[in-house]
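> File final-v2.cif below, mmCIF, C-alpha atoms:
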data_start
#
loop_
_atom_site.label_atom_id
_atom_site.label_comp_id
_atom_site.auth_asym_id
_atom_site.auth_seq_id
_atom_site.Cartn_x
_atom_site.Cartn_y
_atom_site.Cartn_z
CA MET A 1 103.49 160.11 96.73
CA ILE A 2 101.55 158.53 99.61
CA ARG A 3 99.15 156.98 97.11
CA ALA A 4 102.04 155.44 95.13
CA ALA A 5 103.60 154.07 98.31
CA PHE A 6 100.22 152.63 99.36
CA LEU A 7 99.76 150.95 95.96
CA THR A 8 103.29 149.54 96.08
CA LEU A 9 102.64 148.18 99.59
CA MET A 10 99.31 146.65 98.52
CA MET A 11 100.91 144.98 95.50
CA ALA A 12 103.64 143.52 97.74
CA VAL A 13 101.05 142.24 100.22
CA MET A 14 98.90 140.75 97.44
CA GLY A 15 101.95 139.05 95.97
CA ALA A 16 102.86 137.55 99.33
CA VAL A 17 99.27 136.40 99.90
CA SER A 18 98.77 134.91 96.44
CA ALA A 19 102.15 133.14 96.21
CA PRO A 20 101.12 130.26 98.52
CA ILE A 21 97.90 129.80 96.53
CA TYR A 22 99.81 129.18 93.32
CA ALA A 23 102.31 126.99 95.14
CA HIS A 24 99.53 124.55 96.09
CA ALA A 25 98.00 124.29 92.62
CA GLN A 26 99.94 121.26 91.44
CA LYS A 27 97.68 120.27 88.53
CA ALA A 28 98.50 116.58 88.92
CA ALA A 29 96.52 113.45 89.73
CA ILE A 30 97.48 109.87 90.47
CA THR A 31 95.40 106.86 89.47
CA ARG A 32 95.97 103.26 90.54
CA VAL A 33 94.57 100.47 88.37
CA VAL A 34 94.87 97.25 90.38
CA PHE A 35 94.18 93.69 89.30
CA ASN A 36 92.86 92.41 92.64
CA PRO A 37 92.62 88.60 92.71
CA ARG A 38 91.00 88.68 96.15
CA THR A 39 87.95 90.61 94.91
CA THR A 40 88.32 89.41 91.28
CA ASN A 41 87.93 93.05 90.27
CA LEU A 42 90.00 95.50 88.30
CA GLU A 43 89.92 98.39 90.77
CA VAL A 44 90.52 102.00 89.75
CA MET A 45 91.37 104.61 92.39
CA HIS A 46 91.80 108.24 91.30
CA ARG A 47 93.41 110.69 93.73
CA PHE A 48 93.09 114.42 93.08
CA LEU A 49 94.35 117.25 95.24
CA LEU A 50 91.33 118.79 96.92
CA HIS A 51 92.73 122.25 96.22
CA ASP A 52 92.79 121.56 92.46
CA ALA A 53 89.33 119.98 92.60
CA GLU A 54 87.95 123.05 94.42
CA HIS A 55 89.05 125.32 91.59
CA ALA A 56 87.93 122.85 88.93
CA VAL A 57 84.36 122.43 90.16
CA LYS A 58 83.82 126.18 90.20
CA GLU A 59 84.88 126.34 86.55
CA ILE A 60 83.02 123.20 85.50
CA PHE A 61 79.80 123.47 87.54
CA GLY A 62 79.69 127.19 88.38
CA GLY A 63 80.74 129.48 91.20
CA ASP A 64 78.39 127.96 93.80
CA ALA A 65 79.97 124.49 93.52
CA ASP A 66 81.49 123.42 96.85
CA ILE A 67 83.47 120.19 96.77
CA ILE A 68 84.20 120.27 100.51
CA GLY A 69 80.73 121.09 101.84
CA SER A 70 78.41 119.60 99.24
CA ALA A 71 77.85 115.88 98.73
CA ASP A 72 76.09 116.79 95.47
CA THR A 73 79.20 118.58 94.14
CA GLN A 74 81.38 115.66 95.22
CA GLN A 75 79.11 113.26 93.31
CA LYS A 76 79.16 115.50 90.23
CA PHE A 77 82.96 115.61 90.35
CA ALA A 78 83.11 111.80 90.65
CA GLU A 79 80.80 111.49 87.61
CA TYR A 80 82.95 114.01 85.72
CA VAL A 81 86.08 111.90 86.38
CA HIS A 82 84.20 108.69 85.50
CA GLU A 83 83.20 110.16 82.12
CA ARG A 84 86.78 111.21 81.29
CA PHE A 85 88.57 107.97 82.17
CA SER A 86 88.30 104.82 80.10
CA ILE A 87 90.06 101.54 79.48
CA THR A 88 89.76 99.41 76.35
CA ASN A 89 91.14 95.93 75.74
CA ALA A 90 93.31 94.70 72.85
CA ASP A 91 90.16 94.19 70.74
CA ASN A 92 89.27 97.87 71.26
CA GLU A 93 86.32 96.95 73.47
CA LYS A 94 85.67 99.45 76.24
CA LEU A 95 85.63 97.98 79.75
CA GLU A 96 82.36 98.85 81.48
CA LEU A 97 83.79 100.52 84.56
CA GLU A 98 81.27 101.13 87.32
CA LEU A 99 81.47 104.28 89.42
CA VAL A 100 81.69 102.79 92.92
CA GLY A 101 81.99 105.99 94.94
CA HIS A 102 84.14 108.80 96.21
CA GLU A 103 85.49 110.18 99.47
CA LEU A 104 87.34 113.13 100.90
CA GLU A 105 90.49 112.18 102.79
CA GLY A 106 92.72 114.92 104.13
CA LYS A 107 93.88 117.08 101.25
CA TYR A 108 92.58 114.65 98.60
CA ILE A 109 89.39 113.59 96.91
CA TRP A 110 89.28 109.98 95.80
CA VAL A 111 87.06 108.58 93.03
CA TYR A 112 86.59 104.80 92.79
CA GLN A 113 85.63 102.60 89.85
CA ASP A 114 85.75 98.86 89.22
CA VAL A 115 84.88 96.05 86.84
CA LYS A 116 85.33 92.27 86.97
CA ILE A 117 88.88 91.38 85.96
CA PRO A 118 88.85 90.94 82.19
CA ALA A 119 91.06 88.57 80.20
CA VAL A 120 93.49 91.11 78.72
CA THR A 121 96.88 91.19 77.09
CA SER A 122 96.97 94.99 77.05
CA LEU A 123 95.04 98.01 78.25
CA THR A 124 94.54 101.22 76.34
CA ILE A 125 93.86 104.01 78.78
CA GLU A 126 92.41 107.48 78.30
CA HIS A 127 92.53 109.89 81.25
CA ASN A 128 91.40 113.42 80.39
CA ALA A 129 90.07 114.62 83.75
CA LEU A 130 90.90 118.32 84.24
CA ARG A 131 93.06 118.40 81.11
CA GLU A 132 90.56 120.55 79.19
CA LEU A 133 90.75 123.11 81.99
CA TRP A 134 94.50 123.11 82.48
CA PRO A 135 96.82 122.13 79.62
CA THR A 136 99.56 121.60 82.22
CA GLN A 137 97.48 118.97 84.10
CA ILE A 138 99.42 115.71 84.43
CA ASN A 139 97.51 112.50 85.10
CA THR A 140 99.68 109.55 86.06
CA VAL A 141 98.27 106.02 85.96
CA ASN A 142 99.96 103.10 87.70
CA VAL A 143 98.82 99.61 86.66
CA GLU A 144 99.55 97.01 89.34
CA GLY A 145 99.10 93.30 89.95
CA LYS A 146 99.75 91.99 86.45
CA LYS A 147 103.45 91.28 85.84
CA GLY A 148 104.77 94.18 87.90
CA LEU A 149 104.10 97.89 87.93
CA LYS A 150 103.53 99.82 84.70
CA THR A 151 103.20 103.61 84.63
CA ALA A 152 101.53 105.80 82.02
CA THR A 153 101.79 109.59 82.15
CA PHE A 154 99.22 111.79 80.43
CA SER A 155 100.69 115.21 79.76
CA ASP A 156 100.93 117.68 76.88
CA SER A 157 98.98 116.23 73.93
CA VAL A 158 99.06 112.56 75.02
CA GLU A 159 95.48 111.24 75.04
CA LEU A 160 95.80 107.45 74.75
CA ILE A 161 98.42 105.12 76.14
CA THR A 162 98.51 101.37 75.60
CA ILE A 163 100.07 99.32 78.35
CA ASN A 164 101.18 95.86 77.33
CA LEU A 165 102.08 93.27 79.90
CA ASP A 166 105.71 93.73 78.81
CA GLY A 167 105.91 97.52 78.39
CA VAL A 168 104.32 100.87 77.62
CA HIS A 169 103.64 102.20 74.13
CA HIS A 170 101.97 105.43 73.01
#
Mind converting the file's structure to structure tokens?

Amino acid sequence: MIRAAFLTLMMAVMGAVSAPIYAHAQKAAITRVVFNPRTTNLEVMHRFLLHDAEHAVKEIFGGDADIIGSADTQQKFAEYVHERFSITNADNEKLELELVGHELEGKYIWVYQDVKIPAVTSLTIEHNALRELWPTQINTVNVEGKKGLKTATFSDSVELITINLDGVHH
């Protein structure tokens, strides 16, 4: 009887302790793609929740990976994102995005890429970062600075989205 009560109490405590952990795992990222006339670059800024990235790097790079304390793990994560994000033009030519860097800021990790502004009428975007780990991962991409704001949302089985200057098509 005491043992059953103890187990019931432990399960209640574990549930209370683990609930906030799951509440923070949002499995969502935001990316801004900005046509910046000042720098003449197409700038890409990925923002991931640090909490999600912490769990991801342990699965991707192994249990010793430490995104908060290790510059090496941060760099590996940035390279991972860089490899899973691409933009092609209307002629199906891949833009040669350069990995510019990364930084930790509060509860986020940012990954930066850029390329000289190309002459484009549309962009086809692929954003698969973390989606092989978590099927519920949602990656939202906002394209700015070229005829308003256009948004593309990668969820479920969506892998490619073409953004025209006048609209969004899958």
> So that I can check the surroundings of Ser70 (chain A), please list as a ChimeraX atom specification every protein, DNA and RNA residue that reaches within 12 Å of it, counting all atoms listed in the file and ignoring chain neighbours fewer than 5 positions away.
/A:54,57,64-65,75-77,103-104
> If you keep C-alpha atoms, can you produce a file of those selected residues as a tab-separated table (two decimals), keeping the file's coordinate frame?

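Contents of the output file selection_5.tsv:
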chain	number	residue	atom	x	y	z
A	54	GLU	CA	87.95	123.05	94.42
A	57	VAL	CA	84.36	122.43	90.16
A	64	ASP	CA	78.39	127.96	93.80
A	65	ALA	CA	79.97	124.49	93.52
A	75	GLN	CA	79.11	113.26	93.31
A	76	LYS	CA	79.16	115.50	90.23
A	77	PHE	CA	82.96	115.61	90.35
A	103	GLU	CA	85.49	110.18	99.47
A	104	LEU	CA	87.34	113.13	100.90
> What does the distance between CA of Asn142 (chain A) and CA of Lys58 (chain A) come to in Å, to one decimal place?
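Calculated distance between CA of Asn142 (chain A) and CA of Lys58 (chain A) is 28.3 Å.
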> Rank nothing, just name the residue among A:Glu105, A:Glu126, A:Asp52, A:Asp91 nearest to Ile161 (chain A), using only C-alpha atoms.
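Ranking A:Glu105, A:Glu126, A:Asp52, A:Asp91 by distance to Ile161 (chain A), first place goes to A:Glu126.
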> Counting all atoms listed in the file, what is within 12 Å of region 147-154 of chain A, bar same-chain residues fewer than 6 positions away, as a ChimeraX atom specification?
/A:27-35,85,121-131,135-141,160-170
> Could you state which residues are captured by the PyMOL selection byres ((chain A and resi 36) around 12) in this file, as a PyMOL selection string?
chain A and resi 32-35+37-44+114-118+143-146
> Those selected residues, please, written with C-alpha atoms and delivered as a PDB file, in the coordinates of the input.

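again21.pdb was written with the following content:
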ATOM      1  CA  ARG A  32      95.970 103.260  90.540  1.00  0.00           C
ATOM      2  CA  VAL A  33      94.570 100.470  88.370  1.00  0.00           C
ATOM      3  CA  VAL A  34      94.870  97.250  90.380  1.00  0.00           C
ATOM      4  CA  PHE A  35      94.180  93.690  89.300  1.00  0.00           C
ATOM      5  CA  PRO A  37      92.620  88.600  92.710  1.00  0.00           C
ATOM      6  CA  ARG A  38      91.000  88.680  96.150  1.00  0.00           C
ATOM      7  CA  THR A  39      87.950  90.610  94.910  1.00  0.00           C
ATOM      8  CA  THR A  40      88.320  89.410  91.280  1.00  0.00           C
ATOM      9  CA  ASN A  41      87.930  93.050  90.270  1.00  0.00           C
ATOM     10  CA  LEU A  42      90.000  95.500  88.300  1.00  0.00           C
ATOM     11  CA  GLU A  43      89.920  98.390  90.770  1.00  0.00           C
ATOM     12  CA  VAL A  44      90.520 102.000  89.750  1.00  0.00           C
ATOM     13  CA  ASP A 114      85.750  98.860  89.220  1.00  0.00           C
ATOM     14  CA  VAL A 115      84.880  96.050  86.840  1.00  0.00           C
ATOM     15  CA  LYS A 116      85.330  92.270  86.970  1.00  0.00           C
ATOM     16  CA  ILE A 117      88.880  91.380  85.960  1.00  0.00           C
ATOM     17  CA  PRO A 118      88.850  90.940  82.190  1.00  0.00           C
ATOM     18  CA  VAL A 143      98.820  99.610  86.660  1.00  0.00           C
ATOM     19  CA  GLU A 144      99.550  97.010  89.340  1.00  0.00           C
ATOM     20  CA  GLY A 145      99.100  93.300  89.950  1.00  0.00           C
ATOM     21  CA  LYS A 146      99.750  91.990  86.450  1.00  0.00           C
TER      22      LYS A 146
END
> Which is closer to Glu98 (chain A) than all the others in A:Val120, A:Ala56, A:Met45, A:Leu133, using only C-alpha atoms?
A:Met45
> Please report the interatomic distance between CA of Ser157 (chain A) and CA of Val100 (chain A) in Å with one decimal.
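Computing the Euclidean distance for CA of Ser157 (chain A) and CA of Val100 (chain A) yields 29.0 Å.
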> Could you please determine the separation between CA of His46 (chain A) and CA of Gln113 (chain A) in Å, to one decimal place?
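Separation between CA of His46 (chain A) and CA of Gln113 (chain A): 8.5 Å.
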> Expand the PyMOL selection byres ((chain A and resi 78) around 8) into the explicit residue set it covers here, and present it as a compact mmCIF listing (two decimals) with C-alpha atoms, in the coordinates of the input.

# COMPACT_ATOMS: atom_id res chain seq x y z
CA GLN A 74 81.38 115.66 95.22
CA GLN A 75 79.11 113.26 93.31
CA LYS A 76 79.16 115.50 90.23
CA PHE A 77 82.96 115.61 90.35
CA GLU A 79 80.80 111.49 87.61
CA TYR A 80 82.95 114.01 85.72
CA VAL A 81 86.08 111.90 86.38
CA HIS A 82 84.20 108.69 85.50
CA LEU A 99 81.47 104.28 89.42
CA GLY A 101 81.99 105.99 94.94
CA HIS A 102 84.14 108.80 96.21
CA VAL A 111 87.06 108.58 93.03
> Taking all atoms listed in the file into account, name the residue in A:His51, A:Ile60, A:Lys107, A:Leu95 that is nearest to Glu132 (chain A).
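That would be A:Ile60, the residue with the smallest distance to Glu132 (chain A).
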> Using all atoms listed in the file, which residue out of A:Ala119, A:Ile109, A:Val158, A:Ala71 lies closest to Phe48 (chain A)?
A:Ile109
